[in-house]
>>> print(open('target.cif').read())   # mmCIF, C-alpha atoms
data_input
loop_
_atom_site.label_atom_id
_atom_site.label_comp_id
_atom_site.auth_asym_id
_atom_site.auth_seq_id
_atom_site.Cartn_x
_atom_site.Cartn_y
_atom_site.Cartn_z
CA MET A 557 2.30 39.90 -70.57
CA ILE A 558 0.59 41.37 -73.67
CA LYS A 559 -2.75 41.24 -71.88
CA LEU A 560 -1.24 43.07 -68.92
CA PHE A 561 0.10 45.90 -71.07
CA SER A 562 -3.14 46.10 -73.07
CA LEU A 563 -5.28 46.64 -69.99
CA ALA A 564 -2.69 48.98 -68.50
CA ALA A 565 -2.81 51.07 -71.69
CA LYS A 566 -6.59 51.33 -71.49
CA ARG A 567 -6.40 52.35 -67.85
CA ILE A 568 -3.75 54.97 -68.58
CA PHE A 569 -5.92 56.45 -71.34
CA SER A 570 -8.97 56.67 -69.08
CA SER A 571 -6.88 58.08 -66.24
CA ALA A 572 -6.22 61.19 -68.34
CA TYR A 573 -9.96 61.86 -68.31
CA TYR A 574 -10.17 61.71 -64.50
CA LYS A 575 -6.98 63.70 -63.95
CA SER A 576 -8.05 66.52 -66.28
CA ASN A 577 -11.55 66.77 -64.80
CA LEU A 578 -10.20 66.78 -61.27
CA SER A 579 -7.80 69.60 -62.11
CA LEU A 580 -10.67 71.56 -63.71
CA GLY A 581 -12.93 71.07 -60.70
CA ARG A 582 -15.49 68.94 -62.47
CA ALA A 583 -17.21 66.09 -60.68
CA VAL A 584 -17.23 62.71 -62.44
CA LYS A 585 -19.39 59.64 -62.07
CA PRO A 586 -18.09 57.41 -59.27
CA LEU A 587 -16.48 54.05 -59.96
CA PHE A 588 -16.44 52.50 -56.50
CA ILE A 589 -18.58 52.71 -53.37
CA ASN A 590 -17.63 51.23 -50.02
CA PHE A 591 -20.92 50.84 -48.15
CA PRO A 592 -20.93 49.93 -44.43
CA ILE A 593 -24.63 49.12 -44.05
CA THR A 594 -24.58 48.72 -40.26
CA TYR A 595 -22.38 49.33 -37.23
CA LEU A 596 -23.90 46.32 -35.46
CA CYS A 597 -21.10 43.86 -34.82
CA ASN A 598 -20.83 40.45 -33.15
CA SER A 599 -17.04 40.52 -32.95
CA ARG A 600 -14.89 42.04 -30.21
CA CYS A 601 -11.79 42.89 -32.20
CA VAL A 602 -8.72 44.20 -30.41
CA MET A 603 -7.84 46.57 -33.28
CA CYS A 604 -11.30 47.98 -33.96
CA ALA A 605 -14.01 49.44 -31.75
CA ILE A 606 -16.99 49.50 -34.11
CA TRP A 607 -18.58 46.91 -31.83
CA LYS A 608 -18.59 49.50 -29.02
CA LYS A 609 -20.58 52.11 -30.95
CA TYR A 610 -23.98 50.90 -29.73
CA ASN A 611 -22.84 49.80 -26.27
CA SER A 612 -23.57 52.39 -23.57
CA ALA A 613 -20.98 50.78 -21.29
CA PHE A 614 -18.31 52.51 -23.40
CA GLY A 615 -19.82 55.98 -23.34
CA GLU A 616 -22.71 57.99 -24.63
CA ILE A 617 -24.37 56.62 -27.76
CA GLU A 618 -24.59 59.43 -30.29
CA ARG A 619 -26.60 57.48 -32.87
CA LYS A 620 -28.67 54.33 -32.57
CA PRO A 621 -29.30 51.34 -34.84
CA GLN A 622 -32.72 52.83 -35.57
CA ASP A 623 -30.95 55.78 -37.21
CA GLU A 624 -29.33 53.57 -39.85
CA LEU A 625 -30.57 53.58 -43.41
CA LYS A 626 -33.67 51.53 -44.06
CA LEU A 627 -34.07 49.23 -47.05
CA LYS A 628 -36.26 51.86 -48.73
CA ASP A 629 -33.56 54.51 -48.27
CA ILE A 630 -31.02 52.32 -50.04
CA ALA A 631 -33.46 51.29 -52.78
CA ASP A 632 -34.42 54.93 -53.38
CA PHE A 633 -30.76 55.95 -53.50
CA VAL A 634 -29.80 53.56 -56.29
CA LYS A 635 -33.03 54.25 -58.21
CA ASN A 636 -32.89 58.04 -57.98
CA ASN A 637 -29.17 58.19 -58.79
CA LYS A 638 -29.04 55.50 -61.46
CA GLY A 639 -27.81 57.89 -64.14
CA PHE A 640 -24.94 59.23 -62.04
CA LEU A 641 -24.04 55.66 -61.03
CA SER A 642 -23.86 54.41 -64.63
CA ASP A 643 -20.04 54.09 -64.56
CA LEU A 644 -20.00 52.33 -61.20
CA LYS A 645 -17.87 49.17 -61.16
CA SER A 646 -18.41 47.81 -57.67
CA ILE A 647 -20.17 48.27 -54.35
CA GLY A 648 -18.65 46.60 -51.32
CA LEU A 649 -21.08 45.99 -48.45
CA THR A 650 -19.51 45.86 -45.02
CA GLY A 651 -20.08 46.86 -41.40
CA GLY A 652 -19.85 46.22 -38.49
CA GLU A 653 -21.04 42.84 -39.63
CA ALA A 654 -23.19 43.22 -42.74
CA PHE A 655 -24.90 39.85 -42.28
CA LEU A 656 -26.47 41.11 -39.04
CA ARG A 657 -28.87 43.10 -41.22
CA ASP A 658 -31.99 40.95 -41.49
CA ASP A 659 -32.71 42.56 -44.85
CA ILE A 660 -29.26 42.10 -46.40
CA VAL A 661 -30.60 39.87 -49.18
CA GLU A 662 -33.20 42.50 -50.06
CA ILE A 663 -30.54 45.22 -49.99
CA ILE A 664 -28.44 43.25 -52.47
CA ARG A 665 -31.52 42.57 -54.58
CA ALA A 666 -32.51 46.25 -54.64
CA ILE A 667 -29.02 47.32 -55.74
CA HIS A 668 -28.70 44.56 -58.34
CA GLN A 669 -32.11 45.28 -59.86
CA GLU A 670 -31.23 48.91 -60.53
CA LEU A 671 -27.50 48.44 -61.21
CA PRO A 672 -27.15 44.93 -62.71
CA TRP A 673 -23.69 45.65 -64.17
CA VAL A 674 -22.16 46.48 -60.79
CA ASP A 675 -20.06 43.90 -58.91
CA LEU A 676 -21.46 43.28 -55.44
CA GLY A 677 -19.73 41.65 -52.51
CA VAL A 678 -19.83 41.48 -48.72
CA GLN A 679 -16.99 41.73 -46.21
CA THR A 680 -17.70 39.46 -43.23
CA ASN A 681 -16.05 38.25 -40.05
CA GLY A 682 -17.55 34.82 -40.75
CA LEU A 683 -18.85 34.35 -37.21
CA LEU A 684 -22.30 33.23 -38.39
CA PRO A 685 -21.50 30.50 -40.94
CA ASP A 686 -24.96 28.90 -41.06
CA LEU A 687 -26.74 32.22 -41.40
CA ILE A 688 -24.26 33.41 -44.01
CA LYS A 689 -24.75 30.19 -45.99
CA GLU A 690 -28.51 30.69 -45.89
CA LYS A 691 -28.20 34.28 -47.14
CA ILE A 692 -25.74 33.34 -49.89
CA VAL A 693 -28.13 30.66 -51.16
CA GLU A 694 -30.86 33.31 -51.44
CA VAL A 695 -28.59 35.82 -53.18
CA LEU A 696 -27.32 33.28 -55.72
CA LYS A 697 -30.89 32.75 -56.96
CA PHE A 698 -30.82 36.19 -58.58
CA TYR A 699 -27.13 37.18 -58.56
CA PRO A 700 -24.71 34.31 -59.39
CA ASN A 701 -21.59 36.53 -59.41
CA PHE A 702 -21.86 37.39 -55.72
CA LYS A 703 -18.55 37.58 -53.83
CA ILE A 704 -17.51 37.52 -50.19
CA ALA A 705 -14.37 38.44 -48.27
CA VAL A 706 -13.69 36.73 -44.94
CA SER A 707 -11.35 38.32 -42.40
CA LEU A 708 -8.55 36.04 -41.18
CA ASP A 709 -5.99 37.48 -38.77
CA GLY A 710 -4.18 34.33 -37.71
CA LEU A 711 -4.55 30.59 -37.30
CA ASP A 712 -6.54 28.99 -34.51
CA VAL A 713 -6.25 30.85 -31.18
CA VAL A 714 -4.36 33.77 -32.72
CA HIS A 715 -7.39 34.67 -34.82
CA ASP A 716 -9.67 34.05 -31.81
CA ARG A 717 -7.66 36.52 -29.72
CA MET A 718 -7.63 39.13 -32.48
CA ARG A 719 -11.38 38.87 -32.89
CA GLY A 720 -12.05 38.54 -29.16
CA ILE A 721 -14.30 35.51 -29.71
CA ASN A 722 -13.57 31.89 -28.80
CA GLY A 723 -14.04 29.68 -31.83
CA ALA A 724 -13.86 32.60 -34.27
CA TYR A 725 -11.25 30.84 -36.41
CA GLU A 726 -13.25 27.66 -36.93
CA LYS A 727 -16.35 29.69 -37.75
CA ALA A 728 -14.45 31.69 -40.34
CA MET A 729 -13.13 28.44 -41.83
CA GLN A 730 -16.66 27.03 -41.96
CA THR A 731 -17.90 30.17 -43.70
CA ILE A 732 -15.19 29.78 -46.35
CA ARG A 733 -16.00 26.08 -46.80
CA TYR A 734 -19.70 26.86 -47.23
CA ALA A 735 -18.92 29.61 -49.75
CA LYS A 736 -16.77 27.26 -51.82
CA GLU A 737 -19.38 24.49 -51.65
CA LEU A 738 -21.93 26.95 -53.03
CA GLY A 739 -19.64 27.73 -55.95
CA LEU A 740 -18.43 31.20 -54.99
CA THR A 741 -15.19 32.21 -56.66
CA GLY A 742 -12.73 34.99 -55.97
CA ILE A 743 -13.06 34.62 -52.19
CA THR A 744 -10.61 36.96 -50.48
CA CYS A 745 -9.16 36.86 -46.98
CA GLY A 746 -7.71 40.03 -45.47
CA MET A 747 -5.36 39.98 -42.50
CA THR A 748 -5.21 43.02 -40.21
CA LEU A 749 -1.72 43.42 -38.77
CA THR A 750 -1.12 44.46 -35.16
CA VAL A 751 1.54 43.81 -32.53
CA ASP A 752 -0.40 40.62 -31.68
CA ASN A 753 -0.02 38.86 -35.03
CA PHE A 754 2.67 40.70 -37.03
CA ASP A 755 4.87 37.59 -37.30
CA ARG A 756 2.15 35.28 -38.68
CA ILE A 757 1.82 36.66 -42.21
CA GLN A 758 3.31 33.76 -44.14
CA GLU A 759 1.49 31.02 -42.25
CA VAL A 760 -1.86 32.77 -42.77
CA ALA A 761 -1.06 33.36 -46.44
CA GLN A 762 -0.21 29.67 -46.92
CA LYS A 763 -3.48 28.64 -45.29
CA VAL A 764 -5.51 31.06 -47.40
CA GLU A 765 -3.82 29.96 -50.61
CA SER A 766 -4.36 26.28 -49.71
CA LEU A 767 -8.08 27.08 -49.58
CA GLY A 768 -7.95 28.56 -53.07
CA CYS A 769 -8.61 32.08 -51.79
CA GLU A 770 -6.77 35.36 -52.33
CA PHE A 771 -4.65 36.76 -49.49
CA SER A 772 -3.73 40.29 -48.52
CA CYS A 773 -2.55 41.94 -45.33
CA PHE A 774 -2.55 45.52 -44.11
CA PHE A 775 -1.97 47.60 -41.01
CA ALA A 776 -4.80 48.27 -38.58
CA GLU A 777 -6.07 51.81 -39.16
CA LYS A 778 -7.46 54.42 -36.79
CA SER A 779 -10.42 56.66 -37.56
CA GLU A 780 -13.90 57.66 -36.49
CA TYR A 781 -15.25 54.84 -38.65
CA PHE A 782 -13.31 52.23 -36.68
CA GLY A 783 -14.16 53.95 -33.39
CA ASN A 784 -10.50 53.97 -32.38
CA LYS A 785 -9.21 57.46 -33.07
CA GLN A 786 -6.59 56.96 -30.36
CA GLY A 787 -5.07 54.22 -32.50
CA ASN A 788 -3.51 50.85 -31.71
CA ARG A 789 -0.22 49.99 -30.06
CA ALA A 790 2.67 51.07 -32.26
CA PHE A 791 5.05 48.58 -33.84
CA SER A 792 8.64 48.53 -32.65
CA ALA A 793 11.46 48.86 -35.16
CA GLN A 794 12.19 45.16 -34.77
CA GLN A 795 8.55 44.23 -35.41
CA LEU A 796 8.46 46.39 -38.53
CA ASN A 797 11.61 44.70 -39.74
CA THR A 798 9.95 41.31 -39.23
CA ILE A 799 6.90 42.43 -41.22
CA SER A 800 9.09 43.73 -44.01
CA GLY A 801 10.92 40.42 -44.17
CA GLN A 802 7.72 38.39 -44.33
CA LEU A 803 6.40 40.60 -47.13
CA GLU A 804 9.38 39.67 -49.32
CA LYS A 805 7.25 36.79 -50.58
CA PHE A 806 4.72 39.23 -52.03
CA ARG A 807 6.87 41.26 -54.41
CA HIS A 808 4.29 40.41 -57.10
CA HIS A 809 1.50 42.16 -55.17
CA TYR A 810 1.37 45.92 -55.70
CA PHE A 811 -0.18 46.84 -52.36
CA MET A 812 1.83 44.53 -50.12
CA ASP A 813 5.12 45.11 -51.93
CA ASN A 814 4.74 48.86 -51.58
CA LEU A 815 3.86 48.37 -47.92
CA ARG A 816 7.18 46.55 -47.59
CA LEU A 817 9.06 49.29 -49.43
CA GLN A 818 7.53 52.00 -47.25
CA ILE A 819 8.28 50.10 -44.04
CA SER A 820 11.91 49.65 -45.06
CA GLY A 821 12.22 53.31 -46.05
CA THR A 822 13.03 52.35 -49.63
CA ALA A 823 10.03 54.24 -51.05
CA LYS A 824 7.33 56.73 -50.17
CA ARG A 825 3.80 56.94 -51.51
CA THR A 826 3.67 58.64 -54.89
CA LEU A 827 0.22 57.38 -55.89
CA PRO A 828 -2.26 60.30 -56.02
CA CYS A 829 -5.41 59.91 -53.94
CA TYR A 830 -8.73 59.78 -55.79
CA SER A 831 -10.85 58.98 -52.76
CA GLY A 832 -13.83 61.29 -52.58
CA TYR A 833 -13.70 61.71 -56.36
CA THR A 834 -13.93 58.35 -58.11
CA SER A 835 -14.65 56.40 -54.93
CA TYR A 836 -16.80 57.15 -51.90
CA VAL A 837 -17.88 55.69 -48.58
CA ILE A 838 -21.53 55.81 -47.57
CA ASN A 839 -21.87 55.10 -43.87
CA PRO A 840 -24.85 53.35 -42.23
CA TYR A 841 -26.63 56.69 -41.68
CA GLY A 842 -26.30 57.77 -45.30
CA ASP A 843 -23.42 60.24 -44.86
CA ILE A 844 -21.19 60.41 -47.94
CA LEU A 845 -17.50 60.38 -46.97
CA PRO A 846 -14.29 60.45 -49.02
CA CYS A 847 -12.95 57.28 -47.41
CA ILE A 848 -13.01 55.20 -44.24
CA LEU A 849 -10.28 57.33 -42.66
CA ALA A 850 -11.84 60.76 -43.25
CA GLU A 851 -14.53 62.37 -41.09
CA ASP A 852 -15.67 65.21 -43.34
CA SER A 853 -19.04 64.50 -44.93
CA PHE A 854 -20.08 65.72 -48.38
CA GLY A 855 -23.72 65.40 -47.36
CA ASN A 856 -26.37 62.71 -46.85
CA ILE A 857 -28.07 60.55 -49.46
CA ARG A 858 -31.42 61.23 -47.80
CA GLN A 859 -31.09 64.95 -48.48
CA GLY A 860 -30.48 65.18 -52.21
CA LEU A 861 -29.08 63.71 -55.39
CA PHE A 862 -25.61 62.18 -55.23
CA MET A 863 -24.35 64.28 -58.15
CA ASP A 864 -25.49 67.55 -56.59
CA ILE A 865 -23.99 66.68 -53.21
CA VAL A 866 -20.51 65.78 -54.50
CA SER A 867 -20.45 68.70 -56.96
CA SER A 868 -21.00 71.39 -54.33
CA ASP A 869 -18.41 74.05 -53.46
CA SER A 870 -17.97 72.55 -50.00
CA SER A 871 -17.13 69.16 -51.55
CA TRP A 872 -14.12 70.66 -53.29
CA GLN A 873 -12.85 72.05 -50.00
CA ILE A 874 -12.88 68.51 -48.63
CA ARG A 875 -10.99 67.21 -51.66
CA LYS A 876 -8.29 69.83 -51.18
CA LYS A 877 -7.55 68.33 -47.77
CA LEU A 878 -6.94 64.92 -49.35
CA LYS A 879 -4.18 66.12 -51.66
CA THR A 880 -1.58 65.71 -48.93
CA CYS A 881 -2.80 62.29 -47.78
CA LYS A 882 -0.01 59.71 -47.58
CA CYS A 883 -1.94 56.80 -46.06
CA TRP A 884 -1.53 53.26 -47.36
CA CYS A 885 -5.00 51.94 -46.61
CA GLN A 886 -5.84 49.05 -48.91
CA CYS A 887 -9.45 50.07 -49.61
CA GLU A 888 -8.40 53.50 -50.82
CA VAL A 889 -5.07 52.61 -52.45
CA SER A 890 -6.67 49.90 -54.58
CA THR A 891 -9.33 52.16 -56.06
CA SER A 892 -6.90 55.03 -56.69
CA ALA A 893 -4.40 52.68 -58.34
CA ILE A 894 -7.03 51.32 -60.69
CA VAL A 895 -8.05 54.85 -61.70
CA MET A 896 -4.50 56.21 -61.92
CA PRO A 897 -2.23 53.25 -62.83
CA PHE A 898 0.95 55.19 -63.62
CA ASP A 899 2.35 54.30 -60.21
CA VAL A 900 1.50 50.63 -60.76
CA LEU A 901 3.22 50.69 -64.15
CA LYS A 902 6.32 52.34 -62.67
CA TRP A 903 6.41 49.70 -59.93
CA PHE A 904 6.00 46.94 -62.52
CA LEU A 905 8.83 48.24 -64.71
CA LYS A 906 11.19 48.42 -61.71
CA SER A 907 10.26 44.96 -60.47
CA LYS A 908 12.50 41.93 -60.91
CA ASP A 909 9.43 39.68 -60.69
CA LYS A 910 7.62 40.72 -63.88
CA LYS A 911 6.69 37.16 -64.82
CA LYS A 912 5.17 36.50 -61.42
CA ILE A 913 3.29 39.81 -61.56
CA ALA A 914 1.91 38.86 -64.98
CA ASN A 915 0.81 35.48 -63.61
CA ALA A 916 -0.85 37.20 -60.68
CA PHE A 917 -2.66 39.48 -63.10
CA ASN A 918 -3.95 36.52 -65.05
CA LYS A 919 -5.43 35.25 -61.78
CA LYS A 920 -7.20 38.62 -61.39
CA ILE A 921 -5.07 39.58 -58.39
CA LEU A 922 -3.08 42.52 -59.71
CA LEU A 923 -5.35 45.19 -61.18
CA ASN A 924 -8.74 43.95 -59.98
CA ARG A 925 -7.56 43.32 -56.41
CA LEU A 926 -4.49 45.47 -55.84
#
>>> encode(input="target.cif", output="structure tokens")
Amino acid sequence: MIKLFSLAAKRIFSSAYYKSNLSLGRAVKPLFINFPITYLCNSRCVMCAIWKKYNSAFGEIERKPQDELKLKDIADFVKNNKGFLSDLKSIGLTGGEAFLRDDIVEIIRAIHQELPWVDLGVQTNGLLPDLIKEKIVEVLKFYPNFKIAVSLDGLDVVHDRMRGINGAYEKAMQTIRYAKELGLTGITCGMTLTVDNFDRIQEVAQKVESLGCEFSCFFAEKSEYFGNKQGNRAFSAQQLNTISGQLEKFRHHYFMDNLRLQISGTAKRTLPCYSGYTSYVINPYGDILPCILAEDSFGNIRQGLFMDIVSSDSSWQIRKKLKTCKCWCQCEVSTSAIVMPFDVLKWFLKSKDKKKIANAFNKKILLNRL
């Protein structure tokens, strides 16, 4: 408990720095980067259409795989912006399916060589277990703290249907087994909730926890990034009630408990959004975005220094739009909560499960993986 309050105090102190600079219109060094390095995807998810982006059967292809950043582009970015990235805590590589990049090991190596203090991890669908194992072995030779997150949307055929691939569940399980055999720790499994799996939260959580991995669940989102701006089928009131009930088990988890509270109408989002200020998304073409849900681009990493791009007058116009954002997207909520933990502290003080929250924190679930 003392450790929890000690770190919370440090975060609250640093949050004053970010809040004051934001109010004064001063750019700060980023803390988090979410980096989809390709839109190539070998899954056929029902809740996401990234896999359609390069398939002409679904419409005109605006950009091609050849337009994605090359290894040199990424290496030059981290080298040329090393000073501005000196406060960076983590870079999450994702896709599409990040392991479809033949040069993923070299991308990780290039980032780690220039930014050795930064945590690096890859989000994967786990559909290529043998290839993923091979790449992990190569990465561990120079970066032993490497992490992965494996998507898991149900057990057995439920996951297969969600991912649109027969055998997807067993392949994801094999990827997790390989990762554990290789000594990876802190493996996370995220569950995307839709009308097809909303009632499976607890069984997936139990499976994930039995594997020694960390579980979280979240609603499917809609955006240009996901290629599904029309959105997914809406939940009925009864389905939302079922989700809320299943989330009762996770009162110790800031993100999922607040998802429950918002579903039930007990609470609304009060956490300020720091996306596009302390955290950014860089898409496969090098466009710098506030988050995975926003379309406005600050600029492109191929066209200038990161600091200059995110300090421009136009960048502040984009940030103004985010002030009214009330989303509860895990990627963005987690980074904002770490930067501005007042909302987390308020939630903690109101909670009846303080001991369990403290235990979760000691397992690096609470403030490192909100």
>>> resolve_selection(input="target.cif", expression="the PyMOL selection byres ((chain A and resi 859) around 12)", output="MDAnalysis selection string")
chainID A and resid 629 632:633 636 841:844 854:858 860:865
>>> closest_residue(input="target.cif", among="A:Arg756, A:Arg717, A:Arg807, A:Lys689", to="Val661 (chain A)", atoms="only C-alpha atoms")
A:Lys689
>>> atom_distance(input="target.cif", atom1="CA of Cys745 (chain A)", atom2="CA of Arg789 (chain A)")
23.2 Å
>>> closest_atom_pairs(input="target.cif", of="region 831-867 of chain A", to="region 574-592 of chain A", cutoff="10 Å", atoms="all atoms listed in the file", output="Markdown table")
| residue | atom | partner | partner_atom | distance |
| --- | --- | --- | --- | --- |
| A:Ser831 | CA | A:Phe588 | CA | 9.3 |
| A:Gly832 | CA | A:Pro586 | CA | 8.8 |
| A:Tyr833 | CA | A:Pro586 | CA | 6.8 |
| A:Thr834 | CA | A:Pro586 | CA | 4.4 |
| A:Ser835 | CA | A:Phe588 | CA | 4.6 |
| A:Tyr836 | CA | A:Ile589 | CA | 5.0 |
| A:Val837 | CA | A:Asn590 | CA | 4.7 |
| A:Ile838 | CA | A:Phe591 | CA | 5.0 |
| A:Asn839 | CA | A:Pro592 | CA | 5.3 |
| A:Pro840 | CA | A:Pro592 | CA | 5.6 |
| A:Tyr841 | CA | A:Pro592 | CA | 9.3 |
| A:Gly842 | CA | A:Phe591 | CA | 9.2 |
| A:Ile844 | CA | A:Phe591 | CA | 9.6 |
| A:Leu845 | CA | A:Asn590 | CA | 9.6 |
| A:Pro846 | CA | A:Asn590 | CA | 9.9 |
| A:Cys847 | CA | A:Asn590 | CA | 8.1 |
| A:Ile848 | CA | A:Asn590 | CA | 8.4 |
| A:Phe862 | CA | A:Lys585 | CA | 9.6 |
| A:Met863 | CA | A:Ala583 | CA | 7.8 |
| A:Asp864 | CA | A:Ala583 | CA | 9.3 |
| A:Val866 | CA | A:Ala583 | CA | 7.0 |
| A:Ser867 | CA | A:Ala583 | CA | 5.6 |
>>> resolve_selection(input="target.cif", expression="the PyMOL selection byres ((chain A and resi 879-894) around 6)", output="JSON, numbers by chain")
{"A": [829, 830, 876, 877, 878, 895, 896, 897, 926]}
>>> closest_atom_pairs(input="target.cif", of="region 700-812 of chain A", to="region 638-646 of chain A", cutoff="12 Å", atoms="all atoms listed in the file", output="CSV")
residue,atom,partner,partner_atom,distance
A:Asn701,CA,A:Ser646,CA,11.8
A:Phe702,CA,A:Ser646,CA,11.1
A:Lys703,CA,A:Ser646,CA,10.9
>>> residues_around(input="target.cif", residues="region 758-770 of chain A", least_positions_apart="6", cutoff="9 Å", atoms="all atoms listed in the file", output="ChimeraX atom specification")
/A:708-711,732-733,736,741-747,802-803,805,921,925
>>> resolve_selection(input="target.cif", expression="the PyMOL selection byres ((chain A and resi 714) around 12)", output="JSON, numbers by chain")
{"A": [601, 602, 708, 709, 710, 711, 712, 713, 715, 716, 717, 718, 719, 720, 721, 722, 723, 724, 725, 726, 747, 748, 749, 750, 751, 752, 753, 754, 755, 756, 757, 759, 760]}
>>> residues_around(input="target.cif", residues="Trp607 (chain A)", least_positions_apart="6", cutoff="8 Å", atoms="all atoms listed in the file", output="list in words")
Tyr595, Leu596, Cys597, Asn598, Ser599, Arg600, Cys601 and Gly652 of chain A
>>> atom_distance(input="target.cif", atom1="CA of Lys727 (chain A)", atom2="CA of Asn681 (chain A)")
8.9 Å
>>> residues_around(input="target.cif", residues="Trp903 (chain A)", least_positions_apart="5", cutoff="10 Å", atoms="all atoms listed in the file", output="MDAnalysis selection string")
chainID A and resid 808 810 813:814 897:898 908 910
